[in-house]
Amino acid sequence: MKKIRGRAWAVMALAGAVVLLMGLFLYLFFTRGGSWVSFPANGDAFISGRLRAGRVTDRNGETLYAIADGEGAYGGDELTRRALLHTLGDKNGNIGTGALYKYGDRILGWDPVNGVYDPRGDGGELVLSADARVCRAALQALDGRSGAVFLMNYVTGEVLCAVSSPTFDPEDPPNLAWDDTSGVYLNRALSVTYPPGSTFKLVTLAAAVERIDDIFDRDFTCAGSVEIGGGTVTCSKAHGNMKIEDAFANSCNCVFAALAVELGGDTLREYAARYGLLDRLQVGKSLTAAGRYDVAGPGTLDLGWSGAGQYNDLVCPAAMARLAAAIANGGLAPEMTDLRRDGDAPLTRIMEAETARLLGEMMDYAVAHTYGDKNFPGLDLRAKSGTAEVGADRPHAWFVGYNADPQAPYAFAVCVENAGSGASNAGPVARAILQAAAG
């Protein structure tokens, strides 16, 4: 009897294991089946390691890439191919953020029920969130300079533009040596971090609004420099007496360095982390580069400069655009996607609604009193510039913000490497992509 009972338990355990394994298989099939089918060794889907058929379009139906009988070709003229390179990827899969590399199953036309199907006779169709018009405008505005341009719809979370420069024509790829340092295959919009310069003052300002009760009642004075921790923080000029909104609009390093010392490095790091600037954020199937904020010692010069976006601060352009999107959304960050999305994005609260409202008002004030509304015709702009020092080289130029018009709800981040002033060099790039997106 004991032997029969033991065998029964063994059979039941075996049956349970089979059920569990079957459940695991079905789960993996439905969640990862697309990756399985898009493996290059699959002869039904690939020819000589290349996708057999399919098409990729931008959000407006413009063909960006088409495949027939294993031969793929990029659509559009050379400007289009260069502008969309890091969004689509190259034919050899060297650009890991590219749609050709990430979404092979969708390009083929695959689902868990039908497997690889062929609805039109030439594979599936992948519709990206990218707008080719905006991407072309971004690359033209960069005008051969290195940098990154990131534009998203802060209601739907769709990324309309993630342009990276330098770039190349994927139909005529360069023959690069392994030790090449141009970074032409690197997607600077997603996979690179830069010193944020004064755009980080959005973080310091948010912390000050929530942690310093009398921040709006205080009178600040800038004499052009201030001594902190045995060193000197300098400003572009002596700004004189100001309230906090003028200190922000004037991008006063002296005021924001003093606020950083008062708030402390742990507080600033907490806010940078809360706003996603230190995380690897999801954009479709890609992850952004993680940012950095080192907590400097209390009362030190390094702590003061960190509050002004210098010291060891690093941020990714995509993360900065997401922060701007959250400010536009009353503190709610949209889930970002590089595929066309019908409907609003899922939202995550990263900032208090009142804080977002106040930051938006001060970004509006900065545009009106510093950057000039007339320089952004047809737009309802809220923005912050940044001029990030990078040693002996010219500073990186930043411009971050959003368009408050609900008919054109776009958030953006522009970083132009070694270009100089943020407002003068990155600002016009932001204007070009916003006007292209808003039509």
# chains A, B, ... in the order shown; residues from 1 in each chain; ligands from 1
>>> select_by_dssp(residues="range 117-168 of chain A", states="alpha helix (DSSP H)", output="count of residues only")
11
>>> residues_around(residues="Lys237 in chain A", least_positions_apart="2", cutoff="12 Å", atoms="only C-alpha atoms", output="list in words")
Thr221, Cys222, Ala223, Gly224, Ser225, Val226, Val233, Thr234, Cys235, His239, Gly240, Asn250, Ser251, Cys252, Asn253 and Cys254 of chain A
>>> write_last_selection(atoms="N, CA and C atoms", output="PDB file, in the first residue's frame")
ATOM      1  N   THR A 221      20.626  88.468  -4.337  1.00  0.00           N
ATOM      2  CA  THR A 221      21.545  89.434  -4.928  1.00  0.00           C
ATOM      3  C   THR A 221      22.693  88.704  -5.605  1.00  0.00           C
ATOM      4  N   CYS A 222      22.972  89.081  -6.839  1.00  0.00           N
ATOM      5  CA  CYS A 222      24.090  88.503  -7.592  1.00  0.00           C
ATOM      6  C   CYS A 222      25.081  89.607  -7.937  1.00  0.00           C
ATOM      7  N   ALA A 223      26.297  89.465  -7.461  1.00  0.00           N
ATOM      8  CA  ALA A 223      27.358  90.424  -7.769  1.00  0.00           C
ATOM      9  C   ALA A 223      28.271  89.927  -8.884  1.00  0.00           C
ATOM     10  N   GLY A 224      27.864  88.843  -9.547  1.00  0.00           N
ATOM     11  CA  GLY A 224      28.679  88.281 -10.619  1.00  0.00           C
ATOM     12  C   GLY A 224      29.486  87.081 -10.190  1.00  0.00           C
ATOM     13  N   SER A 225      29.669  86.914  -8.886  1.00  0.00           N
ATOM     14  CA  SER A 225      30.370  85.747  -8.351  1.00  0.00           C
ATOM     15  C   SER A 225      30.044  85.628  -6.875  1.00  0.00           C
ATOM     16  N   VAL A 226      30.277  84.434  -6.319  1.00  0.00           N
ATOM     17  CA  VAL A 226      30.050  84.209  -4.900  1.00  0.00           C
ATOM     18  C   VAL A 226      31.062  83.182  -4.409  1.00  0.00           C
ATOM     19  N   VAL A 233      32.058  80.597  -7.408  1.00  0.00           N
ATOM     20  CA  VAL A 233      31.047  80.326  -8.430  1.00  0.00           C
ATOM     21  C   VAL A 233      30.826  81.618  -9.196  1.00  0.00           C
ATOM     22  N   THR A 234      30.923  81.555 -10.513  1.00  0.00           N
ATOM     23  CA  THR A 234      30.803  82.754 -11.335  1.00  0.00           C
ATOM     24  C   THR A 234      29.510  82.751 -12.143  1.00  0.00           C
ATOM     25  N   CYS A 235      29.049  83.943 -12.481  1.00  0.00           N
ATOM     26  CA  CYS A 235      27.888  84.133 -13.347  1.00  0.00           C
ATOM     27  C   CYS A 235      28.324  84.811 -14.635  1.00  0.00           C
ATOM     28  N   HIS A 239      23.850  90.126 -11.834  1.00  0.00           N
ATOM     29  CA  HIS A 239      22.415  90.259 -12.096  1.00  0.00           C
ATOM     30  C   HIS A 239      21.711  91.196 -11.135  1.00  0.00           C
ATOM     31  N   GLY A 240      22.380  91.582 -10.051  1.00  0.00           N
ATOM     32  CA  GLY A 240      21.777  92.510  -9.102  1.00  0.00           C
ATOM     33  C   GLY A 240      20.738  91.847  -8.223  1.00  0.00           C
ATOM     34  N   ASN A 250      17.264  84.476 -15.466  1.00  0.00           N
ATOM     35  CA  ASN A 250      18.633  84.922 -15.735  1.00  0.00           C
ATOM     36  C   ASN A 250      19.642  83.787 -15.646  1.00  0.00           C
ATOM     37  N   SER A 251      19.176  82.602 -15.204  1.00  0.00           N
ATOM     38  CA  SER A 251      20.040  81.431 -15.030  1.00  0.00           C
ATOM     39  C   SER A 251      21.234  81.763 -14.150  1.00  0.00           C
ATOM     40  N   CYS A 252      20.940  82.348 -12.999  1.00  0.00           N
ATOM     41  CA  CYS A 252      21.977  82.852 -12.103  1.00  0.00           C
ATOM     42  C   CYS A 252      22.671  81.709 -11.357  1.00  0.00           C
ATOM     43  N   ASN A 253      23.926  81.464 -11.690  1.00  0.00           N
ATOM     44  CA  ASN A 253      24.684  80.408 -11.022  1.00  0.00           C
ATOM     45  C   ASN A 253      24.862  80.689  -9.533  1.00  0.00           C
ATOM     46  N   CYS A 254      25.056  81.956  -9.187  1.00  0.00           N
ATOM     47  CA  CYS A 254      25.300  82.305  -7.779  1.00  0.00           C
ATOM     48  C   CYS A 254      24.114  81.916  -6.914  1.00  0.00           C
TER      49      CYS A 254
END
>>> closest_atom_pairs(of="range 168-238 of chain A", to="range 156-163 of chain A", cutoff="10 Å", atoms="only C-alpha atoms", output="tab-separated table")
residue	atom	partner	partner_atom	distance
A:Asn187	CA	A:Val163	CA	7.8
A:Arg188	CA	A:Val163	CA	7.8
A:Ala189	CA	A:Ala162	CA	5.7
A:Leu190	CA	A:Ala162	CA	7.7
>>> closest_residue(among="A:Asp266, A:Glu227, A:Glu210, A:Asp143", to="Val295 in chain A", atoms="only C-alpha atoms")
A:Asp266
>>> select_by_dssp(residues="range 263-361 of chain A", states="strand (DSSP E or B)", output="PyMOL selection string")
chain A and resi 282-283+286-287+292+314-315+332-334+336-337+339+347-349
>>> write_last_selection(atoms="N, CA and C atoms", output="compact mmCIF listing (two decimals), in the first residue's frame")
# COMPACT_ATOMS: atom_id res chain seq x y z
N GLN A 282 12.58 53.35 -20.24
CA GLN A 282 12.11 52.54 -21.36
C GLN A 282 11.57 53.44 -22.47
N VAL A 283 12.04 53.20 -23.70
CA VAL A 283 11.48 53.84 -24.89
C VAL A 283 11.22 52.72 -25.88
N SER A 286 13.86 49.87 -26.20
CA SER A 286 15.18 50.39 -25.88
C SER A 286 15.21 50.95 -24.47
N LEU A 287 16.40 51.03 -23.91
CA LEU A 287 16.62 51.68 -22.63
C LEU A 287 17.56 52.86 -22.83
N ARG A 292 23.68 60.67 -13.88
CA ARG A 292 24.58 60.64 -12.72
C ARG A 292 24.44 61.93 -11.92
N LEU A 314 25.38 64.36 -14.97
CA LEU A 314 25.19 63.86 -16.33
C LEU A 314 23.73 63.47 -16.52
N VAL A 315 23.17 63.79 -17.68
CA VAL A 315 21.80 63.40 -17.99
C VAL A 315 21.69 62.98 -19.45
N LEU A 332 2.87 64.51 -14.29
CA LEU A 332 2.68 63.13 -14.72
C LEU A 332 3.55 62.83 -15.94
N ALA A 333 4.44 61.86 -15.82
CA ALA A 333 5.33 61.49 -16.92
C ALA A 333 4.66 60.43 -17.79
N PRO A 334 4.62 60.63 -19.10
CA PRO A 334 4.01 59.63 -20.00
C PRO A 334 4.96 58.47 -20.28
N MET A 336 6.91 56.39 -22.64
CA MET A 336 7.42 56.72 -23.97
C MET A 336 7.39 55.50 -24.89
N THR A 337 7.10 55.74 -26.16
CA THR A 337 7.08 54.66 -27.15
C THR A 337 7.63 55.17 -28.47
N LEU A 339 6.71 53.47 -31.23
CA LEU A 339 5.71 52.96 -32.17
C LEU A 339 4.47 53.84 -32.14
N LEU A 347 0.35 57.07 -17.52
CA LEU A 347 1.05 58.16 -16.84
C LEU A 347 1.56 57.72 -15.47
N THR A 348 2.69 58.28 -15.06
CA THR A 348 3.26 58.03 -13.75
C THR A 348 3.57 59.36 -13.09
N ARG A 349 3.06 59.56 -11.88
CA ARG A 349 3.34 60.83 -11.20
C ARG A 349 4.76 60.83 -10.67
>>> atom_distance(atom1="CA of Phe412 in chain A", atom2="CA of Tyr65 in chain A")
25.9 Å
>>> residues_around(residues="Gly231 in chain A", least_positions_apart="6", cutoff="10 Å", atoms="only C-alpha atoms", output="VMD selection string")
chain A and resid 300 to 302 304
>>> write_last_selection(atoms="C-alpha atoms", output="short mmCIF file (atom, residue, chain, number, x, y, z; two decimals), in the first residue's frame")
data_model
loop_
_atom_site.label_atom_id
_atom_site.label_comp_id
_atom_site.auth_asym_id
_atom_site.auth_seq_id
_atom_site.Cartn_x
_atom_site.Cartn_y
_atom_site.Cartn_z
CA THR A 300 31.60 72.64 -0.72
CA LEU A 301 32.21 74.36 -4.04
CA ASP A 302 31.42 71.10 -5.83
CA GLY A 304 27.29 74.53 -5.29
#
>>> closest_residue(among="A:Asp246, A:Trp9, A:Gly331, A:Ala296", to="Ala368 in chain A", atoms="only C-alpha atoms")
A:Asp246
>>> residues_around(residues="Ala319 in chain A", least_positions_apart="3", cutoff="8 Å", atoms="only C-alpha atoms", output="number ranges by chain")
A: 276-277, 281, 288, 315-316, 322-323
>>> atom_distance(atom1="CA of His86 in chain A", atom2="CA of Leu142 in chain A")
15.1 Å
>>> residues_around(residues="range 207-209 of chain A", least_positions_apart="4", cutoff="10 Å", atoms="only C-alpha atoms", output="VMD selection string")
chain A and resid 201 to 203 213 to 216 244 256 259 to 260 262 to 263 267 to 268 270 to 272 354 to 355 358 to 359
>>> atom_distance(atom1="CA of Pro173 in chain A", atom2="CA of Gly98 in chain A")
15.1 Å
